[in-house]
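Q: The structure under discussion is supplied below as structure tokens; questions concerning it will follow.
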Amino acid sequence: MHAKPSEEPRLTRNQALVLDTLSEADGPLSAYAILDLLRENGFRAPLQVYRALDKLVAAGRVHRLESLNAFVACQKPDCRSHATIAFAICDRCGEVREVDDPNLARRLKTIADGLDFALHGSVVELRGLCAGCAAA
Ligand SMILES: [Zn+2]
Ligand SMILES: [Zn+2]
């Protein structure tokens with residue numbers, strides 16, 4: 001990799017295709033779902049998707065949802081602290097909303113500091129029902 005660690009690293013063709021696929025998706029996608037959608041663009045192996053996802057996640061353009069084993073495009077163009085990210089995930093319809101709360105990031109940092117723990121990052125996943133599903 002010769003890309004500089006700038007704010008907006010240039011994306012490779014594969015990274016751009018994966019990011020576009022996630023941006024256009026209605027919800028989170030697994031790596032295999034992404035592969036299926038990109039087969040006609042020349043994707044053949046899961047490794048191609050995983051490589052692109054690794055870079056996109058590191059760049060903060062895509063986030064990984066551990067509990068769903070799936071990926072979403074970042075919904076906050078100014079998602080500054082890629083270190084602390086939170087999501088509200090609806091268990092019924094699968095809607096995922098990214099939450100940007102600096103207080104949460106600060107609180108987690110304080111907790112980590114209290115544990116003498118060098119925090120590298122955290123993804124908080126709130127599970128429950130969205131307003132639409134809760135009302136139904
Ligand atoms: Zn984000
Ligand atoms: Zn819902």
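For the structure tokens, the naming scheme is as follows: chains receive sequential letters (A, B, ...) according to their order of presentation, residues are indexed from 1 within each chain, and ligands are indexed from 1 in presentation order.
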Compile a residue-level contact table for chain A against ligand 1 at a cut-off of 6 Å, reporting for every qualifying residue the shortest atom pair and its distance in Å to one decimal, with only C-alpha atoms and all ligand atoms counted, rows ordered by chain and ascending number, as a Markdown table.

A:
| residue | atom | partner | partner_atom_place_in_ligand_line | distance |
| --- | --- | --- | --- | --- |
| A:Cys74 | CA | ligand 1 | 1 (Zn) | 3.9 |
| A:Gln75 | CA | ligand 1 | 1 (Zn) | 5.5 |
| A:Lys76 | CA | ligand 1 | 1 (Zn) | 5.0 |
| A:Cys79 | CA | ligand 1 | 1 (Zn) | 4.6 |

Q: Taking 5 positions as the minimum chain separation for residues in the same chain, which residues sit within 9 Å of Leu38 (chain A) when counting only C-alpha atoms? Answer as a list in words.

A: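 Surrounding residues, per the criterion: Leu17, Val18, Thr21, Ala33, Phe43 and Arg44 of chain A.
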
Q: For region 48-52 of chain A, please output as a PyMOL selection string all residues within 8 Å (counting only C-alpha atoms; exclusion window: fewer than 3 positions along the same chain).

A: chain A and resi 14-15+18+31+34-35+43-45+55-56

Q: Under the rule that only C-alpha atoms are counted, which of A:Leu65, A:Ala135, A:Ile85, A:Leu11 is the nearest residue to Ser122 (chain A)?

A: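 Among A:Leu65, A:Ala135, A:Ile85, A:Leu11, it is A:Ile85 that comes nearest to Ser122 (chain A).
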
Q: Env of Ala131 (chain A): 12 Å cut, atoms = only C-alpha atoms, seq-sep filter 2 positions within chain, self excluded. Answer as a ChimeraX atom specification.

A: /A:88-93,95,97,128-129,133-136

Q: I need the residues from that last selection saved to file as a PDB file, in the first residue's frame (with C-alpha atoms), if you can.

A:
ATOM      1  CA  ALA A  88     -29.497   1.133  17.193  1.00  0.00           C
ATOM      2  CA  ILE A  89     -30.535  -2.117  15.509  1.00  0.00           C
ATOM      3  CA  CYS A  90     -34.202  -3.071  15.157  1.00  0.00           C
ATOM      4  CA  ASP A  91     -34.671  -6.775  15.871  1.00  0.00           C
ATOM      5  CA  ARG A  92     -37.826  -6.936  13.766  1.00  0.00           C
ATOM      6  CA  CYS A  93     -37.227  -4.990  10.537  1.00  0.00           C
ATOM      7  CA  GLU A  95     -33.237  -1.072  10.486  1.00  0.00           C
ATOM      8  CA  ARG A  97     -29.249   3.743  12.708  1.00  0.00           C
ATOM      9  CA  GLY A 128     -34.567  -3.455  20.333  1.00  0.00           C
ATOM     10  CA  LEU A 129     -37.435  -2.140  18.225  1.00  0.00           C
ATOM     11  CA  CYS A 133     -42.069  -1.714  14.823  1.00  0.00           C
ATOM     12  CA  ALA A 134     -42.720  -0.754  18.459  1.00  0.00           C
ATOM     13  CA  ALA A 135     -45.991   0.882  17.383  1.00  0.00           C
ATOM     14  CA  ALA A 136     -47.096  -2.030  15.202  1.00  0.00           C
TER      15      ALA A 136
END

Q: Which one of A:Leu126, A:Leu37, A:Ala58, A:Val96 sits closest to ligand 2 if you count only C-alpha atoms and all ligand atoms?

A: A:Val96

Q: CA of Glu66 (chain A) and CA of Leu115 (chain A) are how many Å apart?

A: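 Taking CA of Glu66 (chain A) as the start and CA of Leu115 (chain A) as the end point, the length is 23.5 Å.
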
Q: I need the residue nearest ligand 2 from this list: A:Arg107, A:Arg127, A:Arg10, A:Arg39. Use only C-alpha atoms and all ligand atoms for the distance.

A: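 Closest residue, counting only C-alpha atoms and all ligand atoms: A:Arg127.
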
Q: Go through chain A and collect every residue that DSSP, computed from the backbone, puts in alpha helix (DSSP H); the answer should be as a ChimeraX atom specification.

A: /A:13-24,31-38,46-58,102-114,131-135

Q: Grab the residues selected above and save them as a PDB file, in the first residue's frame with C-alpha atoms.

A:
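That gives us part.pdb:
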ATOM      1  CA  ARG A  13     -11.929   0.123  -7.733  1.00  0.00           C
ATOM      2  CA  ASN A  14     -12.902  -2.823  -5.525  1.00  0.00           C
ATOM      3  CA  GLN A  15     -13.182  -0.653  -2.420  1.00  0.00           C
ATOM      4  CA  ALA A  16     -15.363   1.849  -4.297  1.00  0.00           C
ATOM      5  CA  LEU A  17     -17.635  -0.945  -5.566  1.00  0.00           C
ATOM      6  CA  VAL A  18     -18.046  -2.413  -2.086  1.00  0.00           C
ATOM      7  CA  LEU A  19     -18.716   1.017  -0.575  1.00  0.00           C
ATOM      8  CA  ASP A  20     -21.304   1.808  -3.288  1.00  0.00           C
ATOM      9  CA  THR A  21     -23.025  -1.529  -2.714  1.00  0.00           C
ATOM     10  CA  LEU A  22     -23.287  -0.873   1.022  1.00  0.00           C
ATOM     11  CA  SER A  23     -24.400   2.731   0.515  1.00  0.00           C
ATOM     12  CA  GLU A  24     -27.232   1.624  -1.760  1.00  0.00           C
ATOM     13  CA  ALA A  31     -19.548 -10.217   3.065  1.00  0.00           C
ATOM     14  CA  TYR A  32     -21.164 -13.042   1.096  1.00  0.00           C
ATOM     15  CA  ALA A  33     -24.199 -10.926   0.216  1.00  0.00           C
ATOM     16  CA  ILE A  34     -21.813  -8.245  -1.047  1.00  0.00           C
ATOM     17  CA  LEU A  35     -19.952 -10.853  -3.084  1.00  0.00           C
ATOM     18  CA  ASP A  36     -23.201 -12.022  -4.686  1.00  0.00           C
ATOM     19  CA  LEU A  37     -24.141  -8.464  -5.629  1.00  0.00           C
ATOM     20  CA  LEU A  38     -20.718  -7.813  -7.150  1.00  0.00           C
ATOM     21  CA  PRO A  46     -14.759 -13.749  -0.644  1.00  0.00           C
ATOM     22  CA  LEU A  47     -11.156 -12.627  -0.062  1.00  0.00           C
ATOM     23  CA  GLN A  48     -11.635  -9.771  -2.560  1.00  0.00           C
ATOM     24  CA  VAL A  49     -14.592  -8.533  -0.530  1.00  0.00           C
ATOM     25  CA  TYR A  50     -12.825  -9.009   2.817  1.00  0.00           C
ATOM     26  CA  ARG A  51      -9.744  -7.110   1.628  1.00  0.00           C
ATOM     27  CA  ALA A  52     -11.862  -4.165   0.495  1.00  0.00           C
ATOM     28  CA  LEU A  53     -13.912  -4.270   3.712  1.00  0.00           C
ATOM     29  CA  ASP A  54     -10.769  -4.283   5.887  1.00  0.00           C
ATOM     30  CA  LYS A  55      -9.554  -1.075   4.279  1.00  0.00           C
ATOM     31  CA  LEU A  56     -12.972   0.587   4.346  1.00  0.00           C
ATOM     32  CA  VAL A  57     -13.473  -0.286   8.021  1.00  0.00           C
ATOM     33  CA  ALA A  58      -9.985   1.003   8.879  1.00  0.00           C
ATOM     34  CA  PRO A 102     -19.547  12.428  21.949  1.00  0.00           C
ATOM     35  CA  ASN A 103     -20.646  11.922  25.573  1.00  0.00           C
ATOM     36  CA  LEU A 104     -20.734   8.169  25.049  1.00  0.00           C
ATOM     37  CA  ALA A 105     -17.241   8.254  23.543  1.00  0.00           C
ATOM     38  CA  ARG A 106     -15.949  10.303  26.477  1.00  0.00           C
ATOM     39  CA  ARG A 107     -17.616   8.027  29.023  1.00  0.00           C
ATOM     40  CA  LEU A 108     -16.129   4.888  27.499  1.00  0.00           C
ATOM     41  CA  LYS A 109     -12.714   6.539  27.437  1.00  0.00           C
ATOM     42  CA  THR A 110     -13.074   7.439  31.125  1.00  0.00           C
ATOM     43  CA  ILE A 111     -14.050   3.867  31.987  1.00  0.00           C
ATOM     44  CA  ALA A 112     -11.082   2.511  30.040  1.00  0.00           C
ATOM     45  CA  ASP A 113      -8.727   4.985  31.708  1.00  0.00           C
ATOM     46  CA  GLY A 114     -10.052   3.883  35.109  1.00  0.00           C
ATOM     47  CA  ALA A 131     -40.443   3.369  16.450  1.00  0.00           C
ATOM     48  CA  GLY A 132     -42.362   1.841  13.553  1.00  0.00           C
ATOM     49  CA  CYS A 133     -42.069  -1.714  14.823  1.00  0.00           C
ATOM     50  CA  ALA A 134     -42.720  -0.754  18.459  1.00  0.00           C
ATOM     51  CA  ALA A 135     -45.991   0.882  17.383  1.00  0.00           C
TER      52      ALA A 135
END

Q: Ranking A:Ala25, A:Gly94, A:Ala59, A:Asp100 by minimum distance to ligand 2 and counting only C-alpha atoms and all ligand atoms, which one comes first?

A: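 Of the candidates, the smallest distance to ligand 2 is held by A:Gly94.
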
Q: One decimal, Å: what's the distance from CA of Phe87 (chain A) over to CA of His120 (chain A), could you say?

A: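 Atom-to-atom, CA of Phe87 (chain A) and CA of His120 (chain A) are spaced 17.9 Å apart.
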
Q: Could you tell me which of A:Val72, A:Cys130, A:Ala83, A:Val123 comes closest to ligand 2 if we count only C-alpha atoms and all ligand atoms?

A: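 Smallest distance to ligand 2 is found for A:Cys130.
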
Q: List every residue of chain A that DSSP, applied to the backbone, labels as strand (DSSP E), and write the result as a list in words.

A: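 Restricting chain A to strand (DSSP E) produces Val62, His63, Arg64, Leu65, Ala70, Phe71, Val72, Ala73, Thr84, Ile85, Ala86, Phe87, Ala88, Ile89, Cys90, Val96, Arg97, Glu98, Val99, Ser122, Val123, Val124, Glu125, Leu126, Arg127 and Gly128 of chain A.
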
Q: Keeping only N, CA and C atoms, write the selected residues to a file as a short mmCIF file (atom, residue, chain, number, x, y, z; two decimals), in the first residue's frame.

A:
data_model
loop_
_atom_site.label_atom_id
_atom_site.label_comp_id
_atom_site.auth_asym_id
_atom_site.auth_seq_id
_atom_site.Cartn_x
_atom_site.Cartn_y
_atom_site.Cartn_z
N VAL A 62 -16.85 2.34 6.48
CA VAL A 62 -17.76 1.22 6.69
C VAL A 62 -17.58 0.76 8.13
N HIS A 63 -18.68 0.35 8.77
CA HIS A 63 -18.60 -0.18 10.12
C HIS A 63 -19.06 -1.63 10.13
N ARG A 64 -18.48 -2.40 11.05
CA ARG A 64 -18.83 -3.80 11.17
C ARG A 64 -19.77 -3.98 12.35
N LEU A 65 -20.85 -4.68 12.14
CA LEU A 65 -21.79 -4.98 13.22
C LEU A 65 -21.54 -6.41 13.67
N ALA A 70 -22.23 -8.44 9.96
CA ALA A 70 -22.54 -7.73 8.72
C ALA A 70 -21.92 -6.34 8.75
N PHE A 71 -22.02 -5.68 7.61
CA PHE A 71 -21.37 -4.39 7.45
C PHE A 71 -22.37 -3.33 6.99
N VAL A 72 -22.14 -2.09 7.42
CA VAL A 72 -22.96 -0.97 6.96
C VAL A 72 -22.03 0.17 6.54
N ALA A 73 -22.50 0.95 5.56
CA ALA A 73 -21.76 2.15 5.19
C ALA A 73 -21.93 3.15 6.31
N THR A 84 -15.16 5.21 18.50
CA THR A 84 -16.38 4.85 19.23
C THR A 84 -17.59 5.07 18.34
N ILE A 85 -18.27 3.99 18.08
CA ILE A 85 -19.41 4.04 17.18
C ILE A 85 -20.55 3.30 17.85
N ALA A 86 -21.75 3.81 17.71
CA ALA A 86 -22.90 3.13 18.29
C ALA A 86 -24.00 2.99 17.24
N PHE A 87 -24.74 1.91 17.36
CA PHE A 87 -25.83 1.65 16.44
C PHE A 87 -27.07 1.23 17.21
N ALA A 88 -28.23 1.66 16.70
CA ALA A 88 -29.50 1.13 17.19
C ALA A 88 -30.00 0.19 16.11
N ILE A 89 -30.16 -1.08 16.47
CA ILE A 89 -30.54 -2.12 15.51
C ILE A 89 -31.92 -2.65 15.85
N CYS A 90 -32.85 -2.55 14.90
CA CYS A 90 -34.20 -3.07 15.16
C CYS A 90 -34.21 -4.58 14.94
N VAL A 96 -31.03 -0.15 10.83
CA VAL A 96 -29.83 0.18 11.59
C VAL A 96 -29.62 1.68 11.52
N ARG A 97 -29.54 2.31 12.68
CA ARG A 97 -29.25 3.74 12.71
C ARG A 97 -27.96 3.97 13.48
N GLU A 98 -27.09 4.75 12.85
CA GLU A 98 -25.83 5.07 13.49
C GLU A 98 -26.04 6.21 14.48
N VAL A 99 -25.48 6.07 15.64
CA VAL A 99 -25.63 7.06 16.70
C VAL A 99 -24.30 7.76 16.90
N SER A 122 -14.42 0.91 20.13
CA SER A 122 -15.57 0.18 20.66
C SER A 122 -16.75 0.40 19.72
N VAL A 123 -17.52 -0.64 19.57
CA VAL A 123 -18.75 -0.55 18.79
C VAL A 123 -19.88 -0.96 19.71
N VAL A 124 -20.78 -0.03 20.00
CA VAL A 124 -21.90 -0.30 20.89
C VAL A 124 -23.12 -0.61 20.03
N GLU A 125 -23.74 -1.73 20.30
CA GLU A 125 -24.91 -2.13 19.52
C GLU A 125 -26.14 -2.18 20.43
N LEU A 126 -27.07 -1.28 20.20
CA LEU A 126 -28.31 -1.25 20.95
C LEU A 126 -29.33 -2.11 20.21
N ARG A 127 -29.86 -3.13 20.88
CA ARG A 127 -30.84 -4.01 20.23
C ARG A 127 -32.22 -3.72 20.77
N GLY A 128 -33.20 -3.72 19.89
CA GLY A 128 -34.57 -3.45 20.33
C GLY A 128 -35.49 -3.27 19.15
#

Q: Let me make sure I understand: among A:Pro77, A:Asn69, A:Gly42, A:Arg61, which one has the smallest atom-to-atom distance to Pro28 (chain A) if we use only C-alpha atoms?

A: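 Selected residue with least distance to Pro28 (chain A): A:Asn69.
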